[in-house]
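*Asks:* What follows is work-v8.tsv; its format and atoms are TSV, C-alpha atoms.
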chain	number	residue	atom	x	y	z
A	1	MET	CA	-9.14	-6.95	-1.77
A	2	GLU	CA	-7.09	-10.00	-0.86
A	3	ILE	CA	-6.36	-12.70	-3.44
A	4	ALA	CA	-9.31	-14.91	-2.42
A	5	GLN	CA	-11.67	-11.97	-2.89
A	6	LEU	CA	-10.08	-11.05	-6.20
A	7	ILE	CA	-10.62	-14.59	-7.49
A	8	THR	CA	-14.30	-14.39	-6.54
A	9	THR	CA	-14.67	-10.95	-8.10
A	10	ALA	CA	-12.96	-12.07	-11.32
A	11	LYS	CA	-15.43	-14.93	-11.59
A	12	LYS	CA	-18.31	-12.47	-11.21
A	13	ILE	CA	-16.84	-10.17	-13.85
A	14	ARG	CA	-16.52	-13.11	-16.26
A	15	GLN	CA	-20.19	-13.90	-15.64
A	16	ASP	CA	-21.06	-10.26	-16.36
A	17	ILE	CA	-19.09	-10.40	-19.62
A	18	ILE	CA	-20.94	-13.50	-20.84
A	19	GLN	CA	-24.34	-12.13	-19.82
A	20	MET	CA	-23.94	-8.70	-21.39
A	21	ILE	CA	-22.50	-9.97	-24.69
A	22	THR	CA	-25.24	-12.60	-24.94
A	23	ALA	CA	-27.92	-9.98	-24.29
A	24	ALA	CA	-26.38	-7.70	-26.91
A	25	GLY	CA	-26.00	-10.46	-29.47
A	26	SER	CA	-22.55	-9.11	-30.33
A	27	GLY	CA	-19.27	-8.22	-28.69
A	28	HIS	CA	-15.81	-9.52	-27.94
A	29	PRO	CA	-15.69	-12.25	-25.28
A	30	GLY	CA	-12.26	-13.77	-26.00
A	31	GLY	CA	-10.03	-10.82	-25.14
A	32	SER	CA	-12.36	-9.59	-22.41
A	33	LEU	CA	-12.06	-12.92	-20.62
A	34	SER	CA	-8.29	-13.19	-21.10
A	35	SER	CA	-7.73	-9.78	-19.49
A	36	THR	CA	-10.23	-10.19	-16.64
A	37	ASP	CA	-7.70	-11.13	-13.97
A	38	LEU	CA	-5.38	-8.27	-14.93
A	39	MET	CA	-8.28	-5.81	-14.78
A	40	THR	CA	-9.71	-7.19	-11.55
A	41	ALA	CA	-6.38	-6.87	-9.76
A	42	LEU	CA	-6.03	-3.32	-11.05
A	43	TYR	CA	-9.51	-2.00	-10.25
A	44	PHE	CA	-10.02	-3.78	-6.93
A	45	ASN	CA	-6.52	-3.64	-5.47
A	46	LYS	CA	-4.07	-1.22	-7.11
A	47	LEU	CA	-5.82	1.61	-8.95
A	48	ARG	CA	-6.46	4.75	-6.91
A	49	HIS	CA	-9.94	5.83	-7.95
A	50	ARG	CA	-13.23	6.96	-6.47
A	51	PRO	CA	-16.33	5.52	-8.19
A	52	LYS	CA	-18.56	8.10	-6.52
A	53	GLU	CA	-16.18	10.89	-7.55
A	54	PRO	CA	-15.02	9.84	-11.04
A	55	SER	CA	-13.38	13.20	-11.79
A	56	TRP	CA	-11.27	13.19	-8.62
A	57	PRO	CA	-8.14	15.09	-9.78
A	58	ASP	CA	-5.64	12.84	-8.02
A	59	ARG	CA	-6.98	9.56	-9.39
A	60	ASP	CA	-4.79	7.16	-11.32
A	61	ARG	CA	-5.65	6.88	-15.00
A	62	PHE	CA	-6.50	3.76	-16.97
A	63	VAL	CA	-6.60	3.56	-20.78
A	64	LEU	CA	-8.17	0.54	-22.47
A	65	SER	CA	-6.24	0.73	-25.70
A	66	LYS	CA	-7.90	-2.42	-27.04
A	67	GLY	CA	-11.28	-0.74	-26.91
A	68	HIS	CA	-13.18	-3.66	-28.43
A	69	CYS	CA	-12.78	-5.39	-25.05
A	70	ALA	CA	-15.08	-2.81	-23.48
A	71	PRO	CA	-17.14	-5.51	-21.69
A	72	VAL	CA	-14.37	-6.20	-19.17
A	73	LEU	CA	-13.97	-2.48	-18.47
A	74	TYR	CA	-17.72	-1.96	-18.09
A	75	ALA	CA	-17.97	-4.93	-15.72
A	76	CYS	CA	-15.11	-3.57	-13.57
A	77	LEU	CA	-16.69	-0.12	-13.48
A	78	ALA	CA	-20.11	-1.49	-12.55
A	79	GLU	CA	-18.85	-3.93	-9.92
A	80	SER	CA	-16.76	-1.19	-8.30
A	81	GLY	CA	-19.74	1.18	-8.11
A	82	TYR	CA	-19.65	3.60	-11.04
A	83	PHE	CA	-23.13	2.57	-12.19
A	84	PRO	CA	-25.67	-0.20	-11.39
A	85	VAL	CA	-24.66	-3.71	-12.43
A	86	THR	CA	-28.11	-4.19	-13.99
A	87	GLN	CA	-27.18	-1.56	-16.57
A	88	LEU	CA	-24.61	-3.93	-18.07
A	89	LEU	CA	-27.39	-5.68	-19.97
A	90	THR	CA	-27.86	-2.54	-22.08
A	91	LEU	CA	-24.51	-3.15	-23.81
A	92	ARG	CA	-24.67	-2.04	-27.46
A	93	LYS	CA	-28.37	-1.18	-27.18
A	94	LEU	CA	-29.67	1.95	-28.89
A	95	GLY	CA	-29.36	4.89	-26.51
A	96	SER	CA	-27.15	3.05	-24.03
A	97	CYS	CA	-24.01	4.69	-22.68
A	98	LEU	CA	-22.35	1.26	-22.91
A	99	GLN	CA	-21.27	1.50	-26.51
A	100	GLY	CA	-19.41	-1.23	-28.38
A	101	HIS	CA	-16.23	0.71	-27.73
A	102	PRO	CA	-15.82	2.92	-24.65
A	103	SER	CA	-16.74	6.59	-24.94
A	104	CYS	CA	-15.54	9.13	-22.38
A	105	ARG	CA	-18.38	11.43	-23.44
A	106	SER	CA	-21.09	9.02	-22.43
A	107	LEU	CA	-19.77	7.10	-19.41
A	108	ALA	CA	-18.10	8.28	-16.20
A	109	GLY	CA	-14.97	6.30	-15.42
A	110	VAL	CA	-13.84	6.08	-19.04
A	111	GLU	CA	-10.79	8.33	-19.37
A	112	VAL	CA	-10.57	8.34	-23.16
A	113	SER	CA	-12.59	6.99	-26.07
A	114	THR	CA	-10.79	4.06	-27.70
A	115	GLY	CA	-11.34	1.54	-30.43
A	116	SER	CA	-8.91	2.48	-33.20
A	117	LEU	CA	-6.11	0.08	-32.34
A	118	GLY	CA	-2.65	1.43	-31.58
A	119	MET	CA	-3.71	4.82	-30.25
A	120	GLY	CA	-4.18	4.19	-26.54
A	121	LEU	CA	-0.53	4.08	-25.56
A	122	SER	CA	0.07	7.49	-27.13
A	123	VAL	CA	-2.72	8.95	-25.00
A	124	ALA	CA	-1.33	7.22	-21.91
A	125	VAL	CA	2.13	8.66	-22.62
A	126	GLY	CA	0.60	12.14	-22.81
A	127	MET	CA	-1.23	11.62	-19.51
A	128	ALA	CA	1.91	10.35	-17.78
A	129	LEU	CA	4.09	13.14	-19.16
A	130	GLY	CA	1.51	15.76	-18.16
A	131	ALA	CA	1.34	14.38	-14.61
A	132	LYS	CA	5.11	14.37	-14.37
A	133	LEU	CA	5.40	17.97	-15.58
A	134	ASP	CA	2.70	19.01	-13.10
A	135	LYS	CA	4.50	17.06	-10.35
A	136	LYS	CA	1.36	15.06	-9.60
A	137	ASN	CA	1.58	11.67	-7.92
A	138	ILE	CA	-0.53	9.93	-10.57
A	139	ARG	CA	0.08	6.55	-12.18
A	140	VAL	CA	-1.15	5.77	-15.67
A	141	TYR	CA	-1.98	2.24	-16.83
A	142	CYS	CA	-2.59	1.16	-20.42
A	143	LEU	CA	-3.89	-2.26	-21.47
A	144	MET	CA	-3.07	-3.37	-25.01
A	145	GLY	CA	-3.73	-6.46	-27.07
A	146	ASP	CA	-0.80	-8.45	-28.42
A	147	GLY	CA	-2.01	-8.12	-32.01
A	148	GLU	CA	-2.42	-4.41	-31.39
A	149	THR	CA	1.32	-4.02	-30.90
A	150	GLN	CA	1.71	-4.69	-34.63
A	151	GLU	CA	0.61	-1.06	-35.08
A	152	GLY	CA	3.42	1.40	-35.80
A	153	GLN	CA	2.02	4.09	-33.51
A	154	ILE	CA	2.62	1.81	-30.53
A	155	TRP	CA	6.34	2.01	-31.14
A	156	GLU	CA	6.39	5.77	-31.58
A	157	ALA	CA	4.72	5.99	-28.17
A	158	ALA	CA	7.13	3.41	-26.75
A	159	MET	CA	10.09	5.51	-27.92
A	160	SER	CA	8.62	8.67	-26.39
A	161	ALA	CA	7.94	7.01	-23.03
A	162	GLY	CA	11.49	5.72	-22.83
A	163	HIS	CA	12.95	9.07	-23.88
A	164	TYR	CA	11.05	10.96	-21.18
A	165	HIS	CA	11.72	8.32	-18.49
A	166	LEU	CA	8.03	8.02	-17.62
A	167	GLU	CA	8.34	5.91	-14.50
A	168	ASN	CA	4.68	6.69	-13.72
A	169	LEU	CA	3.53	4.78	-16.82
A	170	CYS	CA	2.69	1.08	-16.75
A	171	GLY	CA	1.77	-0.72	-19.94
A	172	ILE	CA	0.17	-4.17	-19.94
A	173	ILE	CA	0.10	-6.53	-22.92
A	174	ASP	CA	-2.64	-9.17	-22.89
A	175	TYR	CA	-0.48	-11.77	-24.64
A	176	ASN	CA	-3.02	-14.45	-25.55
A	177	HIS	CA	-1.47	-15.16	-28.98
A	178	LEU	CA	-4.73	-14.75	-30.92
A	179	GLN	CA	-6.21	-11.91	-32.95
A	180	ILE	CA	-9.19	-11.71	-35.27
A	181	ASP	CA	-7.30	-13.16	-38.23
A	182	GLY	CA	-5.62	-16.03	-36.37
A	183	ARG	CA	-2.41	-16.69	-34.44
A	184	VAL	CA	-0.42	-13.52	-33.81
A	185	GLU	CA	2.75	-15.36	-34.83
A	186	ALA	CA	1.24	-16.13	-38.25
A	187	VAL	CA	-0.40	-12.74	-38.92
A	188	MET	CA	2.63	-10.63	-37.94
A	189	ASN	CA	5.06	-12.11	-35.45
A	190	ILE	CA	5.77	-9.73	-32.55
A	191	ALA	CA	8.41	-11.87	-30.82
A	192	PRO	CA	10.74	-11.37	-29.06
A	193	VAL	CA	8.32	-9.16	-27.14
A	194	ALA	CA	10.31	-8.50	-23.95
A	195	ASP	CA	13.52	-7.72	-25.84
A	196	LYS	CA	11.75	-5.20	-28.07
A	197	TRP	CA	10.37	-3.22	-25.13
A	198	ARG	CA	13.71	-3.30	-23.31
A	199	ALA	CA	15.35	-1.92	-26.45
A	200	PHE	CA	12.94	1.03	-26.29
A	201	GLY	CA	14.03	1.81	-22.73
A	202	TRP	CA	11.30	0.05	-20.74
A	203	HIS	CA	11.53	-2.07	-17.63
A	204	VAL	CA	9.90	-5.38	-18.60
A	205	ILE	CA	8.17	-7.91	-16.34
A	206	GLU	CA	6.84	-11.21	-17.72
A	207	ILE	CA	4.09	-12.95	-15.77
A	208	ASP	CA	1.32	-15.50	-15.86
A	209	GLY	CA	-1.62	-13.17	-16.47
A	210	HIS	CA	-3.99	-15.46	-14.56
A	211	ASP	CA	-1.91	-15.75	-11.36
A	212	PHE	CA	-3.04	-13.03	-8.97
A	213	LYS	CA	0.11	-13.25	-6.87
A	214	GLN	CA	2.23	-12.55	-9.95
A	215	ILE	CA	-0.13	-9.86	-11.21
A	216	LEU	CA	-0.12	-7.93	-7.93
A	217	SER	CA	3.64	-8.29	-7.62
A	218	SER	CA	4.14	-6.91	-11.12
A	219	TYR	CA	2.02	-3.84	-10.33
A	220	ASP	CA	4.06	-3.31	-7.16
A	221	GLN	CA	7.32	-3.63	-9.09
A	222	ALA	CA	6.09	-1.14	-11.66
A	223	ALA	CA	5.21	1.37	-8.95
A	224	ALA	CA	8.62	0.93	-7.28
A	225	ASN	CA	10.55	1.51	-10.53
A	226	GLN	CA	12.04	5.01	-10.48
A	227	ASP	CA	13.70	5.66	-13.82
A	228	LYS	CA	11.76	4.18	-16.75
A	229	PRO	CA	8.29	3.09	-17.86
A	230	THR	CA	7.25	-0.49	-17.15
A	231	MET	CA	5.75	-3.02	-19.55
A	232	ILE	CA	4.03	-6.06	-18.07
A	233	VAL	CA	3.94	-8.87	-20.62
A	234	ALA	CA	1.07	-10.98	-19.31
A	235	HIS	CA	0.84	-14.47	-20.80
A	236	THR	CA	-2.87	-15.25	-20.95
A	237	ILE	CA	-5.42	-17.57	-22.54
A	238	LYS	CA	-8.02	-16.18	-24.90
A	239	GLY	CA	-11.50	-16.92	-23.52
A	240	LYS	CA	-10.09	-17.88	-20.11
A	241	GLY	CA	-12.63	-19.51	-17.79
A	242	VAL	CA	-14.98	-20.86	-20.46
A	243	SER	CA	-13.77	-24.22	-21.75
A	244	PHE	CA	-15.21	-24.03	-25.26
A	245	MET	CA	-13.86	-20.49	-25.76
A	246	GLU	CA	-10.33	-21.02	-24.46
A	247	ASP	CA	-7.60	-20.53	-27.08
A	248	LYS	CA	-10.17	-20.37	-29.89
A	249	GLU	CA	-9.82	-17.51	-32.39
A	250	GLU	CA	-13.49	-17.73	-33.42
A	251	TRP	CA	-14.46	-16.28	-30.02
A	252	HIS	CA	-12.55	-13.08	-30.66
A	253	GLY	CA	-15.70	-11.21	-31.62
A	254	LYS	CA	-18.75	-13.45	-31.45
A	255	ALA	CA	-21.61	-13.66	-28.98
A	256	PRO	CA	-22.59	-17.08	-27.61
A	257	SER	CA	-26.08	-18.47	-28.13
A	258	LYS	CA	-28.33	-18.59	-25.07
A	259	GLU	CA	-27.59	-22.31	-24.75
A	260	LEU	CA	-23.83	-21.83	-24.87
A	261	ALA	CA	-24.10	-18.84	-22.52
A	262	ALA	CA	-25.89	-21.05	-20.00
A	263	LYS	CA	-23.09	-23.59	-20.28
A	264	ALA	CA	-20.47	-20.88	-19.81
A	265	LEU	CA	-22.24	-19.47	-16.76
A	266	GLN	CA	-22.48	-22.93	-15.25
A	267	GLU	CA	-18.72	-23.33	-15.63
A	268	LEU	CA	-18.20	-19.92	-14.03
A	269	SER	CA	-20.56	-20.51	-11.10
Written as structure tokens, how would this file's structure read?
*Replies:*
Amino acid sequence: MEIAQLITTAKKIRQDIIQMITAAGSGHPGGSLSSTDLMTALYFNKLRHRPKEPSWPDRDRFVLSKGHCAPVLYACLAESGYFPVTQLLTLRKLGSCLQGHPSCRSLAGVEVSTGSLGMGLSVAVGMALGAKLDKKNIRVYCLMGDGETQEGQIWEAAMSAGHYHLENLCGIIDYNHLQIDGRVEAVMNIAPVADKWRAFGWHVIEIDGHDFKQILSSYDQAAANQDKPTMIVAHTIKGKGVSFMEDKEEWHGKAPSKELAAKALQELS
């Protein structure tokens, strides 16, 4: 997809997120909306995958480390053809394969079950190292929350990736500055973010996480890097696209009422 198409698709994915979380009566809109542009660019432009052949051996791998933002992943999977878009409205319903956190045992297209914060990057490192040892041309992407990088396991994985020069690994931090307990800087300051990742042997790219030109360029730069893993520090806005949700911590994990959902959808139309 070209940028104009990506913008249109991102708007549709944001609509899906609002609709499915409203129907479920629970979920995490804030971080799903902030990472929508990053995910749209990945799934509809850069990621090598086959929705009709989800187990294709040569596919790139994606790990949603911040598993609570499953709505954005489900919307990308549905809109790219893994399952019918209408199924999105079963989010968190009893018997649905669209669980509150993604499960690789119940939904094709989900590479690994996530939800316990801090674990996804370790899995991504293992995938990237395995591909490198097997001499497979596979790229591995891992999306993390900024608050999630307060977890110690993240830094063990970061050290391993740098040590093994995993140039086929691309991490992405959704740096929206908010987590469930408030401002990231107040809960546990993670700055200086770029310097920390460079110190662990990563190539670091800082971008506006809502600018598709910058997003696509960062993915290209990551793919061209030949000697170390890449971390994309994407500066984003929590709840992006919905005025009353933007930069508001209370929308980290709360469903909108039907009235507020209608307002959000109007803004996204």
*Asks:* Need to verify the contact set: Ile205 (chain A), 7 Å, all atoms listed in the file, exclusion of same-chain residues closer than 2 positions in sequence. Can you return it as an mmCIF file with C-alpha atoms, keeping the file's coordinate frame?
*Replies:*
data_model
loop_
_atom_site.group_PDB
_atom_site.id
_atom_site.type_symbol
_atom_site.label_atom_id
_atom_site.label_comp_id
_atom_site.auth_asym_id
_atom_site.auth_seq_id
_atom_site.Cartn_x
_atom_site.Cartn_y
_atom_site.Cartn_z
ATOM 1 C CA HIS A 203 11.530 -2.070 -17.630
ATOM 2 C CA ILE A 207 4.090 -12.950 -15.770
ATOM 3 C CA SER A 218 4.140 -6.910 -11.120
ATOM 4 C CA MET A 231 5.750 -3.020 -19.550
ATOM 5 C CA ILE A 232 4.030 -6.060 -18.070
ATOM 6 C CA VAL A 233 3.940 -8.870 -20.620
#
*Asks:* Please tell me which residues are no farther than 12 Å from (-18.2, 6.4, -21.3) in the file, counting all atoms listed in the file, and write them as a VMD selection string.
*Replies:* chain A and resid 54 63 to 64 67 70 to 71 73 to 74 77 to 78 82 to 83 91 96 to 114
*Asks:* Just the selected residues (C-alpha atoms), exported as a PDB file, in the frame of the given file, please.
*Replies:*
ATOM      1  CA  PRO A  54     -15.020   9.840 -11.040  1.00  0.00           C
ATOM      2  CA  VAL A  63      -6.600   3.560 -20.780  1.00  0.00           C
ATOM      3  CA  LEU A  64      -8.170   0.540 -22.470  1.00  0.00           C
ATOM      4  CA  GLY A  67     -11.280  -0.740 -26.910  1.00  0.00           C
ATOM      5  CA  ALA A  70     -15.080  -2.810 -23.480  1.00  0.00           C
ATOM      6  CA  PRO A  71     -17.140  -5.510 -21.690  1.00  0.00           C
ATOM      7  CA  LEU A  73     -13.970  -2.480 -18.470  1.00  0.00           C
ATOM      8  CA  TYR A  74     -17.720  -1.960 -18.090  1.00  0.00           C
ATOM      9  CA  LEU A  77     -16.690  -0.120 -13.480  1.00  0.00           C
ATOM     10  CA  ALA A  78     -20.110  -1.490 -12.550  1.00  0.00           C
ATOM     11  CA  TYR A  82     -19.650   3.600 -11.040  1.00  0.00           C
ATOM     12  CA  PHE A  83     -23.130   2.570 -12.190  1.00  0.00           C
ATOM     13  CA  LEU A  91     -24.510  -3.150 -23.810  1.00  0.00           C
ATOM     14  CA  SER A  96     -27.150   3.050 -24.030  1.00  0.00           C
ATOM     15  CA  CYS A  97     -24.010   4.690 -22.680  1.00  0.00           C
ATOM     16  CA  LEU A  98     -22.350   1.260 -22.910  1.00  0.00           C
ATOM     17  CA  GLN A  99     -21.270   1.500 -26.510  1.00  0.00           C
ATOM     18  CA  GLY A 100     -19.410  -1.230 -28.380  1.00  0.00           C
ATOM     19  CA  HIS A 101     -16.230   0.710 -27.730  1.00  0.00           C
ATOM     20  CA  PRO A 102     -15.820   2.920 -24.650  1.00  0.00           C
ATOM     21  CA  SER A 103     -16.740   6.590 -24.940  1.00  0.00           C
ATOM     22  CA  CYS A 104     -15.540   9.130 -22.380  1.00  0.00           C
ATOM     23  CA  ARG A 105     -18.380  11.430 -23.440  1.00  0.00           C
ATOM     24  CA  SER A 106     -21.090   9.020 -22.430  1.00  0.00           C
ATOM     25  CA  LEU A 107     -19.770   7.100 -19.410  1.00  0.00           C
ATOM     26  CA  ALA A 108     -18.100   8.280 -16.200  1.00  0.00           C
ATOM     27  CA  GLY A 109     -14.970   6.300 -15.420  1.00  0.00           C
ATOM     28  CA  VAL A 110     -13.840   6.080 -19.040  1.00  0.00           C
ATOM     29  CA  GLU A 111     -10.790   8.330 -19.370  1.00  0.00           C
ATOM     30  CA  VAL A 112     -10.570   8.340 -23.160  1.00  0.00           C
ATOM     31  CA  SER A 113     -12.590   6.990 -26.070  1.00  0.00           C
ATOM     32  CA  THR A 114     -10.790   4.060 -27.700  1.00  0.00           C
TER      33      THR A 114
END
*Asks:* Counting all atoms listed in the file, what is within 6 Å of region 10-17 of chain A, bar same-chain residues fewer than 2 positions away, as a PDB file with C-alpha atoms, in the frame of the given file?
*Replies:*
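And here's selection37.pdb as it stands now:
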ATOM      1  CA  LEU A   6     -10.080 -11.050  -6.200  1.00  0.00           C
ATOM      2  CA  ILE A   7     -10.620 -14.590  -7.490  1.00  0.00           C
ATOM      3  CA  THR A   8     -14.300 -14.390  -6.540  1.00  0.00           C
ATOM      4  CA  GLN A  19     -24.340 -12.130 -19.820  1.00  0.00           C
ATOM      5  CA  MET A  20     -23.940  -8.700 -21.390  1.00  0.00           C
ATOM      6  CA  ASP A  37      -7.700 -11.130 -13.970  1.00  0.00           C
ATOM      7  CA  THR A  40      -9.710  -7.190 -11.550  1.00  0.00           C
ATOM      8  CA  PRO A  71     -17.140  -5.510 -21.690  1.00  0.00           C
ATOM      9  CA  ALA A  75     -17.970  -4.930 -15.720  1.00  0.00           C
TER      10      ALA A  75
END
*Asks:* What is the CA of Ala261 (chain A) to CA of Phe44 (chain A) distance in Å?
*Replies:*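 Separation of CA of Ala261 (chain A) and CA of Phe44 (chain A): 25.8 Å.
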*Asks:* Taking all atoms listed in the file into account, which of A:Lys254, A:Lys52, A:His165, A:Lys213 comes nearest Pro229 (chain A)?
*Replies:* A:His165
*Asks:* Just give me the gap between CA of Lys228 (chain A) and CA of Asn189 (chain A) in Å, one decimal is fine.
*Replies:*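 Those two atoms sit 25.7 Å apart.
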*Asks:* Given the choices A:Glu79, A:Thr90, A:Asp60, A:Glu185, which gets closest to Ala124 (chain A) if the distance is worked out from only C-alpha atoms?
*Replies:*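 Of the candidates, the smallest distance to Ala124 (chain A) is held by A:Asp60.
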*Asks:* Report the distance between CA of Leu121 (chain A) and CA of Pro51 (chain A) in Å, rounded to one decimal place.
*Replies:* 23.5 Å
*Asks:* Between A:Asp134, A:Glu167, A:Asp58, A:Asp174, which residue has the minimum interatomic distance to Thr36 (chain A), considering only C-alpha atoms?
*Replies:*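 For Thr36 (chain A), the nearest of the given residues is A:Asp174.
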*Asks:* Nearest to Glu151 (chain A): which of A:Lys132, A:Lys66, A:Lys240, A:Lys258 is it, counting only C-alpha atoms?
*Replies:* A:Lys66
*Asks:* Would you be able to write out as a list in words which residues have an atom within 6 Å of (0.1, -5.7, -26.6) in the file's coordinates, counting all atoms listed in the file?
*Replies:*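 Final list of nearby residues, as requested, is Met144, Gly145, Asp146, Glu148, Thr149, Ile173 and Asp174 of chain A.
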*Asks:* For Leu88 (chain A), which residue among A:Ser160, A:Ser269, A:Thr22, A:Asn176 is the nearest when counting only C-alpha atoms?
*Replies:*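 Between A:Ser160, A:Ser269, A:Thr22, A:Asn176, the residue approaching Leu88 (chain A) most closely is A:Thr22.
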*Asks:* List the spatial neighbours of Pro57 (chain A) as a list of chain:residue names - criterion: any atom at most 10 Å away, only C-alpha atoms, same-chain residues fewer than 4 positions off excluded.
*Replies:*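 What passes the distance filter is A:His49, A:Glu53, A:Lys136, A:Ile138.
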*Asks:* Measuring atom to atom with all atoms listed in the file, identify which of A:Ala23, A:Asp181, A:Ser55, A:Tyr164 is nearest to Thr86 (chain A).
*Replies:*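 Once distances to Thr86 (chain A) are computed over all atoms listed in the file, the minimum belongs to A:Ala23.
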